[in-house]
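J.: To start, I am sharing the structure in question, which I have written as C-alpha cells.
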Amino acid sequence: MKRLVITLLFSGTFFGGLTSTLAQTPQRGAVQDQEFVIRKDRVLTVPTQPRSFERLPVLPQPKGMEDFTYAITPYFLSIPALTLQPTPVQKDYRQPKQDLYPGLVRAGYGNFASPLLEARYMSTTADPLNYALRFKHQSFGKGPAGPYADASPEAHTTFGGDVSYFLERAEVFGGLSWGQDKYSFYGEDPNFRVPDNADFIGPVIENNVQNNVQFSAGIRDIEKVGPFGYEAKLGFRSFKDSYLARENEVGVQALGKFRPSDDWSGKVGLSYFSTGTEDLLYDLTRTYLAIRPEVSYTYEAFRFTAGLNIVSENDSIPGKESDFRIFPVLKASYQFAEEFGFYGEFSGDVQRNTYFSFVRENPFLGPSFQLLNTVNNYKIAGGIEGQFQEAFHYQAGIDVSRFNNLHFFVNSIADSARFELVYDDKTTVVNLNAELGMKFSDVYTLGSRLDLYQYDLNTQTEAWHRPVWALSINNQVKPVEKLLLQANLNFMGGIKARGDVSDTAIFPPDIEVVNLKTIADLQLKADFKITDRISIFAEGNNLTNGKNMRWLNYPVRGVQLIGGASFKF
C-alpha cells in the first residue's frame with residue numbers, strides 16, 4: 001500500500017513540473033517545424049521545482065473507530081470441478097419401424113394326395129401406386145374311402161391382382177382375377193334307375209372344370225369423414241364349365257354418402273347388372289336395376305333409418321304383374337346402456353341370383369330349367385344386443401321373412417349325381433339366432449352363432465338341403481408370442497334331401513324324403529413362428545372322421561391332415 005502511495009506522489013510531481021516548464025516556454029510568431037527524436041536508451045531528467053505543501057490539520061479520531069486486523073487464512077479443498085453434461089430430451093414422434101415383408105410363400109402337403117401352394121406379393125411403401133398379387137392352389141388327388149377314392153379328384157386354383165393409384169382426394173382402383181375349380185360327379189346312387197320318360201344327361205363320373213374371369217375398375221374418395229363421400233365401380237365377369245353352361249355379366253355400382261351434421265346422414269346406392277346365361281335348356285339375358293336411397297338420424301341413444309329399395313328385374317314368371325317393385329326400409333335401435341340395447345327392422349328387397357352364385361353354393365349343379373331371383377316381400381326382425389367391459393358381446397334376435405321363388409337343390413331325376421334347381425312360390429321362414437363373442441387381449445378370442453329355422457312352404461314338400469339348425473364355435477388361442485392355435489366346431493342338422501321319385505305320370509308323384517345325418521366338423525390349426533421370416537403350420541379337418549354329407553350321395557373325405565411351412569421375403 002505504501003509503495004502505491006509513493007508511486008502516485010512521484011507521478012504527480014513529474015507531470016506537474018513538466019506542465020509548468022512547458023507553460024513558461026516563450027511561444028512567439030508562427031509555428032516552427034520541430035523534430036522529435038525518440039531514443040529508447042535516453043534518460044530524461046527534470047530539475048526539482050520547489051513547491052509549498054500545506055499540511056492538513058489532523059482531525060479528531062471518532063470514538064468507536066479502531067484499527068482492525070483481518071487474518072485471512074486460505075483454504076484449499078480438494079474438490080474436483082463439477083462437470084455438466086447436458087443431454088437433450090430424446091422423444092421420437094415417429095411410429096416404431098416394423099419389418100414389413102412384401103412377399104409370402106406358403107407350401108404344404110397332406111393326405112389324399114393334397115398339395116398346397118400359396119404366394120402373395122404386395123407393395124409396402126406409401127407411393128401413389130400400390131399393388132398386390134396373389135396365387136393359391138390346393139388339390140386332392142383322391143376322395144373318400146370306398147368306390148369314391150379314385151373317382152373324386154378336386155382342385156382349386158386362383159390367381160389375381162389389385163392395384164390402386166392415390167390422387168390428392170381420390171383413389172382409382174382396379175382388379176383382375178382368374179379362378180379354376182375342378183370337380184367330379186362322383187355321387188352316383190348305386191340303386192338309381194333312370195326313369196323311362198327322362199333324358200339321360202352325359203356320363204356320371206366325369207370331371208367338370210369351371211373357369212371364371214373377373215375384372216373391376218372404379219374410383220372412391222379418400223376422406224371418409226367429410227360431408228360427402230362416393231364410390232363407383234365397373235365390373236365384368238365371365239364363367240363357363242366343361243359342359244354347356246356359359247355366363248357373361250357386366251355391372252355398374254355406385255354409392256353416394258352425405259353427412260350434413262353429426263345427427264343426420266344419408267346415402268344413395270345404385271346398381272345395374274346385365275347377365276347373359278346359356279345352358280342346355282335356356283339362352284337368355286337378364287337385367288337387374290336397383291336404387292336404394294336411405295337417410296339416418298341419431299338422437300342421443302336412439303338411431304332411426306328410413307329408405308326405399310326400388311328394384312326392376314326382368315325374370316319371366318307366370319302371372320307376374322310388373323318388373324318394377326318398391327319396398328320400404330325402416331330400422332330403429334336404442335342403446336339403454338353399453339350392456340343392453342334393442343333393435344328392430346321392417347324391410348323388403350329382391351335378392352339377385354345368377355348361375356355363378358348357384359354353382360358357388362352347390363358345385364355339383366347340372367342343367368336346370370330356369371334361373372330366378374328371390375323376392376323378399378317383407379322382413380320383420382328384432383332383438384337385443386350389448387357388451388360387457390369390451391370383452392363380451394352378445395346378440396339374440398328373431399327374423400320372420402316372406403319369400404317368393406326361394407330356391408332349393410334336389411337330385412336330378414335323370415342323373416342322381418347332378419343337382420337341379422327348384423323353387424317355392426310362397427315361403428315363410430322364421431329364424432331364431434344368437435351370437436356370443438369374447439376377447440381377452442390377444443390371448444383368447446371366441447366367436448359363436450346359433451341359428452334355428454322353420455319353413456312354411458307352399459309347393460315344395462320339404463326345404464330341400466336347407467338346415468333346420470346350425471351352430472358354429474370358433475376359438476383362437478395365443479398362449480405364447482410365437483404360437484397361434486385355432487379350434488373350430490361346425491354343426492348342421494335337420495337336412496332333408498329328395499330321394500327316388502316315382503313314375504312322373506302320377507300327380508302328385510310319390511317322393512322319397514331322405515334325412516341326412518347331422519354334420520359335425522372339428523377343425524384344428526396351429527402356426528408356430530420360428531423366426532420373423534420362417535414359420536411352420538399344421539391343419540386338420542373333420543378330425544372326428546364323421547361321414548358328413550352336405551349333398552345327397554356326396555360323402556366328404558375323412559380325417560384330412562396337412563402340414564407345411566411359410567417364408568416371408
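Ligands are numbered from 1 in the order shown, chains are lettered A, B, ... in the order of the C-alpha cells, and residues start at 1 in each chain.
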Check which residues of region 451-531 of chain A sit at most 10 Å from region 550-566 of chain A using only C-alpha atoms, and return one row each with the closest pair of atoms and their distance in Å to one decimal, ordered by chain and rising number, as a Markdown table.

T.:
```
| residue | atom | partner | partner_atom | distance |
| --- | --- | --- | --- | --- |
| A:Trp464 | CA | A:Trp551 | CA | 9.9 |
| A:His465 | CA | A:Trp551 | CA | 6.9 |
| A:Arg466 | CA | A:Arg550 | CA | 9.4 |
| A:Pro467 | CA | A:Arg550 | CA | 9.6 |
| A:Met492 | CA | A:Arg550 | CA | 8.9 |
| A:Gly493 | CA | A:Arg550 | CA | 9.8 |
| A:Ile495 | CA | A:Arg550 | CA | 8.1 |
| A:Lys496 | CA | A:Leu552 | CA | 8.8 |
| A:Ala497 | CA | A:Leu552 | CA | 6.4 |
| A:Arg498 | CA | A:Leu552 | CA | 8.3 |
| A:Gly499 | CA | A:Leu552 | CA | 8.3 |
| A:Val514 | CA | A:Leu552 | CA | 8.4 |
| A:Asn515 | CA | A:Leu552 | CA | 9.4 |
| A:Leu516 | CA | A:Leu552 | CA | 7.5 |
| A:Lys517 | CA | A:Arg550 | CA | 9.0 |
| A:Thr518 | CA | A:Arg550 | CA | 9.2 |
| A:Ile519 | CA | A:Arg550 | CA | 7.5 |
| A:Asp521 | CA | A:Val559 | CA | 9.8 |
| A:Leu522 | CA | A:Val559 | CA | 9.6 |
| A:Gln523 | CA | A:Gln560 | CA | 9.4 |
| A:Leu524 | CA | A:Leu561 | CA | 9.6 |
| A:Lys525 | CA | A:Ile562 | CA | 9.7 |
| A:Ala526 | CA | A:Gly563 | CA | 9.5 |
| A:Asp527 | CA | A:Ala565 | CA | 9.0 |
| A:Phe528 | CA | A:Ala565 | CA | 9.3 |
| A:Lys529 | CA | A:Ser566 | CA | 9.2 |
```

J.: Got a sec: who's within 10 Å of Thr298 (chain A), counting only C-alpha atoms, leaving out chain neighbours fewer than 6 positions off, as a PyMOL selection string?

T.: chain A and resi 262-265+304-305+332-334

J.: Go ahead and dump the residues you just picked, all heavy atoms, as a PDB file, in the first residue's frame.

T.:
```pdb
ATOM      1  N   ASP A 262     -73.781 -33.921 -37.472  1.00  0.00           N
ATOM      2  CA  ASP A 262     -73.446 -35.101 -36.683  1.00  0.00           C
ATOM      3  C   ASP A 262     -74.653 -35.996 -36.451  1.00  0.00           C
ATOM      4  O   ASP A 262     -74.505 -37.190 -36.188  1.00  0.00           O
ATOM      5  CB  ASP A 262     -72.859 -34.677 -35.329  1.00  0.00           C
ATOM      6  CG  ASP A 262     -71.524 -33.975 -35.484  1.00  0.00           C
ATOM      7  OD1 ASP A 262     -70.878 -34.181 -36.533  1.00  0.00           O
ATOM      8  OD2 ASP A 262     -71.150 -33.214 -34.576  1.00  0.00           O
ATOM      9  N   ASP A 263     -75.852 -35.438 -36.532  1.00  0.00           N
ATOM     10  CA  ASP A 263     -77.068 -36.207 -36.251  1.00  0.00           C
ATOM     11  C   ASP A 263     -77.655 -36.840 -37.506  1.00  0.00           C
ATOM     12  O   ASP A 263     -78.275 -37.902 -37.424  1.00  0.00           O
ATOM     13  CB  ASP A 263     -78.124 -35.311 -35.595  1.00  0.00           C
ATOM     14  CG  ASP A 263     -77.628 -34.731 -34.278  1.00  0.00           C
ATOM     15  OD1 ASP A 263     -76.788 -35.377 -33.619  1.00  0.00           O
ATOM     16  OD2 ASP A 263     -78.076 -33.619 -33.916  1.00  0.00           O
ATOM     17  N   TRP A 264     -77.469 -36.198 -38.640  1.00  0.00           N
ATOM     18  CA  TRP A 264     -78.096 -36.662 -39.870  1.00  0.00           C
ATOM     19  C   TRP A 264     -77.048 -37.236 -40.817  1.00  0.00           C
ATOM     20  O   TRP A 264     -75.929 -36.740 -40.898  1.00  0.00           O
ATOM     21  CB  TRP A 264     -78.829 -35.529 -40.582  1.00  0.00           C
ATOM     22  CG  TRP A 264     -80.063 -35.075 -39.874  1.00  0.00           C
ATOM     23  CD1 TRP A 264     -80.171 -34.091 -38.948  1.00  0.00           C
ATOM     24  CD2 TRP A 264     -81.377 -35.612 -40.057  1.00  0.00           C
ATOM     25  NE1 TRP A 264     -81.470 -33.960 -38.515  1.00  0.00           N
ATOM     26  CE2 TRP A 264     -82.229 -34.892 -39.185  1.00  0.00           C
ATOM     27  CE3 TRP A 264     -81.910 -36.605 -40.853  1.00  0.00           C
ATOM     28  CZ2 TRP A 264     -83.590 -35.146 -39.097  1.00  0.00           C
ATOM     29  CZ3 TRP A 264     -83.273 -36.864 -40.774  1.00  0.00           C
ATOM     30  CH2 TRP A 264     -84.097 -36.150 -39.909  1.00  0.00           C
ATOM     31  N   SER A 265     -77.429 -38.281 -41.516  1.00  0.00           N
ATOM     32  CA  SER A 265     -76.586 -38.859 -42.563  1.00  0.00           C
ATOM     33  C   SER A 265     -77.487 -39.568 -43.559  1.00  0.00           C
ATOM     34  O   SER A 265     -78.636 -39.920 -43.241  1.00  0.00           O
ATOM     35  CB  SER A 265     -75.550 -39.835 -41.987  1.00  0.00           C
ATOM     36  OG  SER A 265     -76.188 -40.956 -41.395  1.00  0.00           O
ATOM     37  N   PHE A 304     -82.496 -43.894 -35.987  1.00  0.00           N
ATOM     38  CA  PHE A 304     -83.589 -44.225 -36.893  1.00  0.00           C
ATOM     39  C   PHE A 304     -83.063 -44.184 -38.328  1.00  0.00           C
ATOM     40  O   PHE A 304     -82.267 -43.310 -38.687  1.00  0.00           O
ATOM     41  CB  PHE A 304     -84.751 -43.236 -36.735  1.00  0.00           C
ATOM     42  CG  PHE A 304     -85.280 -43.137 -35.334  1.00  0.00           C
ATOM     43  CD1 PHE A 304     -84.828 -42.132 -34.481  1.00  0.00           C
ATOM     44  CD2 PHE A 304     -86.211 -44.045 -34.872  1.00  0.00           C
ATOM     45  CE1 PHE A 304     -85.313 -42.031 -33.195  1.00  0.00           C
ATOM     46  CE2 PHE A 304     -86.702 -43.945 -33.582  1.00  0.00           C
ATOM     47  CZ  PHE A 304     -86.255 -42.938 -32.732  1.00  0.00           C
ATOM     48  N   THR A 305     -83.545 -45.107 -39.139  1.00  0.00           N
ATOM     49  CA  THR A 305     -83.178 -45.173 -40.551  1.00  0.00           C
ATOM     50  C   THR A 305     -84.434 -45.409 -41.370  1.00  0.00           C
ATOM     51  O   THR A 305     -85.252 -46.283 -41.029  1.00  0.00           O
ATOM     52  CB  THR A 305     -82.164 -46.296 -40.818  1.00  0.00           C
ATOM     53  OG1 THR A 305     -80.980 -46.062 -40.057  1.00  0.00           O
ATOM     54  CG2 THR A 305     -81.798 -46.349 -42.292  1.00  0.00           C
ATOM     55  N   ALA A 332     -84.702 -49.162 -36.528  1.00  0.00           N
ATOM     56  CA  ALA A 332     -84.603 -48.370 -35.303  1.00  0.00           C
ATOM     57  C   ALA A 332     -83.802 -49.154 -34.274  1.00  0.00           C
ATOM     58  O   ALA A 332     -83.861 -50.393 -34.231  1.00  0.00           O
ATOM     59  CB  ALA A 332     -85.979 -48.024 -34.745  1.00  0.00           C
ATOM     60  N   SER A 333     -83.054 -48.432 -33.464  1.00  0.00           N
ATOM     61  CA  SER A 333     -82.293 -49.067 -32.387  1.00  0.00           C
ATOM     62  C   SER A 333     -82.191 -48.098 -31.225  1.00  0.00           C
ATOM     63  O   SER A 333     -82.215 -46.868 -31.407  1.00  0.00           O
ATOM     64  CB  SER A 333     -80.896 -49.468 -32.862  1.00  0.00           C
ATOM     65  OG  SER A 333     -80.134 -48.333 -33.221  1.00  0.00           O
ATOM     66  N   TYR A 334     -82.102 -48.648 -30.052  1.00  0.00           N
ATOM     67  CA  TYR A 334     -81.953 -47.850 -28.838  1.00  0.00           C
ATOM     68  C   TYR A 334     -81.018 -48.590 -27.898  1.00  0.00           C
ATOM     69  O   TYR A 334     -81.243 -49.756 -27.571  1.00  0.00           O
ATOM     70  CB  TYR A 334     -83.297 -47.610 -28.155  1.00  0.00           C
ATOM     71  CG  TYR A 334     -83.173 -46.792 -26.890  1.00  0.00           C
ATOM     72  CD1 TYR A 334     -82.896 -45.431 -26.953  1.00  0.00           C
ATOM     73  CD2 TYR A 334     -83.318 -47.387 -25.642  1.00  0.00           C
ATOM     74  CE1 TYR A 334     -82.773 -44.676 -25.797  1.00  0.00           C
ATOM     75  CE2 TYR A 334     -83.198 -46.640 -24.484  1.00  0.00           C
ATOM     76  CZ  TYR A 334     -82.916 -45.284 -24.561  1.00  0.00           C
ATOM     77  OH  TYR A 334     -82.791 -44.541 -23.423  1.00  0.00           O
TER      78      TYR A 334
END
```

J.: Got a sec: who's within 8 Å of region 447-462 of chain A, counting only C-alpha atoms, leaving out chain neighbours fewer than 5 positions off, as a list in words?

T.: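 Here the answer would be Tyr423, Asp424, Asp425, Lys426, Thr427, Thr428, Val429, Val430, Asn431, Leu432, Asn433, Ala434, Glu435, Leu436, Gly437, Met438, Pro467, Val468, Trp469, Ala470, Leu471, Ser472, Ile473, Asn474, Asn475 and Lys496 of chain A.
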
J.: Export C-alpha atoms of the chosen residues as an mmCIF file, in the first residue's frame?

T.:
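Written file, part32.cif:
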```cif
data_model
loop_
_atom_site.group_PDB
_atom_site.id
_atom_site.type_symbol
_atom_site.label_atom_id
_atom_site.label_comp_id
_atom_site.auth_asym_id
_atom_site.auth_seq_id
_atom_site.Cartn_x
_atom_site.Cartn_y
_atom_site.Cartn_z
ATOM 1 C CA TYR A 423 -88.414 -73.023 -56.404
ATOM 2 C CA ASP A 424 -91.191 -72.491 -53.927
ATOM 3 C CA ASP A 425 -93.541 -69.677 -54.912
ATOM 4 C CA LYS A 426 -94.536 -68.586 -51.367
ATOM 5 C CA THR A 427 -92.306 -69.379 -48.409
ATOM 6 C CA THR A 428 -92.253 -68.051 -44.857
ATOM 7 C CA VAL A 429 -89.015 -68.541 -42.939
ATOM 8 C CA VAL A 430 -88.682 -67.947 -39.202
ATOM 9 C CA ASN A 431 -85.126 -67.649 -37.970
ATOM 10 C CA LEU A 432 -84.092 -67.524 -34.314
ATOM 11 C CA ASN A 433 -80.456 -66.556 -33.925
ATOM 12 C CA ALA A 434 -77.985 -65.816 -31.156
ATOM 13 C CA GLU A 435 -74.343 -64.765 -31.082
ATOM 14 C CA LEU A 436 -71.771 -64.719 -28.301
ATOM 15 C CA GLY A 437 -68.267 -63.326 -28.583
ATOM 16 C CA MET A 438 -65.410 -62.974 -26.124
ATOM 17 C CA PRO A 467 -80.603 -76.971 -42.465
ATOM 18 C CA VAL A 468 -83.093 -76.717 -39.621
ATOM 19 C CA TRP A 469 -80.353 -75.664 -37.218
ATOM 20 C CA ALA A 470 -76.688 -74.650 -37.459
ATOM 21 C CA LEU A 471 -74.081 -73.986 -34.800
ATOM 22 C CA SER A 472 -70.534 -72.676 -35.199
ATOM 23 C CA ILE A 473 -67.949 -72.159 -32.442
ATOM 24 C CA ASN A 474 -64.622 -70.604 -33.373
ATOM 25 C CA ASN A 475 -61.775 -70.382 -30.857
ATOM 26 C CA LYS A 496 -83.591 -83.389 -45.870
#
```

J.: Which one of A:Thr285, A:Ser216, A:Ser184, A:Ser347 sits closest to Leu234 (chain A) if you count only C-alpha atoms?

T.: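 Ranking A:Thr285, A:Ser216, A:Ser184, A:Ser347 by distance to Leu234 (chain A), first place goes to A:Ser216.
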
J.: Got a sec to tell me which of region 325-491 of chain A DSSP assigns to alpha helix (DSSP H), as a list in words?

T.: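 For region 325-491 of chain A, the alpha helix (DSSP H) set is Tyr355, Phe356, Ser357, Phe358, Val359, Arg360 and Glu361 of chain A.
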
J.: Restrict the selected residues to C-alpha atoms and save them as a compact mmCIF listing (two decimals), in the first residue's frame.

T.:
```
# COMPACT_ATOMS: atom_id res chain seq x y z
CA TYR A 355 -75.85 -69.32 -62.33
CA PHE A 356 -72.44 -68.37 -60.92
CA SER A 357 -73.90 -67.74 -57.45
CA PHE A 358 -75.82 -71.03 -57.57
CA VAL A 359 -72.78 -73.08 -58.60
CA ARG A 360 -70.75 -71.42 -55.84
CA GLU A 361 -73.31 -72.71 -53.35
```

J.: What's around region 415-422 of chain A at 6 Å? Count only C-alpha atoms, leave out sequence neighbours fewer than 4 positions away in its own chain, and write the answer as a count of residues only.

T.: 12

J.: For Gly307 (chain A), which of A:Gly319, A:Gly251, A:Gly276, A:Gly269 is the closest residue, counting only C-alpha atoms?

T.: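 Looking at the shortest contact to Gly307 (chain A), the residue is A:Gly269.
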
J.: Quick one: pull the distance between CA of Ala306 (chain A) and CA of Glu338 (chain A), Å, one decimal.

T.: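 According to the coordinates, CA of Ala306 (chain A) and CA of Glu338 (chain A) are separated by 24.4 Å.
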
J.: Select, from A:Ile291, A:Ile413, A:Leu255, A:Leu284, the residue with the minimum atom-to-atom distance to Ser316 (chain A), counting only C-alpha atoms.

T.: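 For Ser316 (chain A), the nearest of the given residues is A:Leu284.
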